[in-house]
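Single-structure report; data block below.
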Amino acid sequence: MIRYKNGLFLYNSNAGNDDIEQKLAQTLPTISKSVKDLSVIQTETIEEVKQTCIQYSESADIIIVLGGDGTIHACINSIAPLEKRPIIGILPGGTCNDFSRMLGTSQNLKLAAEGIAQGEIVDVDLGKTGDRYFLNFWGIGFVSEASRNINPDQKKSLGVLSYYLSTLRTVNQAETFTYKLTTKSETYEGEAVLILMLNGRFIGAKELPVTTADPSDGKLDVIIIKTSNLASFREFLSMNKPTTDPDQLSELIHFQAASVKIDTDTAKDVDMDGEINGSTPASITILPKHVRFVKGTETI
């Protein structure tokens, strides 16, 4: 059934898609039935992804992206500043596919394509810092070091496991840093090994135990982990229990805010959605319901 008049189907040939022909066969026939006039574009670089998304934003009702989180991040950063922003549909073709998991999209490509053809359209918040945007998370500390330490060969051969191995290596070497974090009503100061600002709940294909994180509530969930010892991670894991009182947490701090300013004793590299970009100090704001996505109908 035709659902959209004009659409773009974009796939990045250099995003780990060794089996791209199989992925296209699983998705393109279903997508083409729901879009009357569908353009199919293969890109080879992230810059080409950005240019293509901008080029088609004026005419397309929907942009369907077959790719990983890096490709989605590039597309979102291209359309976010525009006045006309098409609906985005995600086909999980990468390693972790955190964006698609956040939307409840099936990790089975055929079912994901059916979800785009039939799924509900939802408004999703975007985080913004400077002229950059993030959909899932903003982080400093060992999260950015873990991203930097991922072995490209391991990522290709081990997939999601490469993220876990990098995290284990990085946690053991995590160094504390001094921070000052300011919201409209509060100021937080101290030492930390990790600061996260969440719009979604998935990092490295793993769902975080932060039940309040909602990509459509107009708020960031801010997590400050003070040390990398076992006690801090026990507290972090306990956050999904309804009996946990945030005021009783001693190893971490959790609160929600619509805007945050942060400074650190030394400049810290920033990880946004798995991409290292920029450094502290930084100002982060949430843009409520800024982009429309097709929400998945089933998760596998």
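Quick note on naming: the chains in the structure tokens go A, B, ... in the order shown, residues restart at 1 in each chain, and ligands are numbered from 1 in order of appearance.
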
#### Entry: Sel. of strand (DSSP E or B) residues, region 17-215 of chain A, as a count of residues only
59

### Task
Extract, using only C-alpha atoms, all DNA, RNA and protein residues at most 9 Å from Leu287 (chain A), discarding same-chain residues fewer than 4 positions from it, and format them as a list in words.
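Using only C-alpha atoms, the neighbours found are Val124, Asp125, Leu126, Gly127, Lys128, Gly218, Lys219 and Ala258 of chain A.
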
### Task
Any chance you could list, as number ranges by chain, the residues in region 35-241 of chain A that come up helix (DSSP H, G or I) when DSSP is run on the backbone?
A: 46-57, 69-79, 98-102, 109-118, 142-148, 152-158, 160-172, 230-240

### Nearest candidate to Leu252 (chain A) (options A:Tyr188, A:Tyr56, A:Tyr133, A:Phe9; using only C-alpha atoms)
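Going through A:Tyr188, A:Tyr56, A:Tyr133, A:Phe9 one by one, the smallest distance to Leu252 (chain A) is for A:Tyr188.
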
### Task
For Thr30 (chain A), list every protein, DNA or RNA residue within 12 Å, evaluated using only C-alpha atoms, and leave out those in the same chain fewer than 4 positions away; present the list as an MDAnalysis selection string.
chainID A and resid 1:3 9 23:26 34:36 38 64 91 109:118
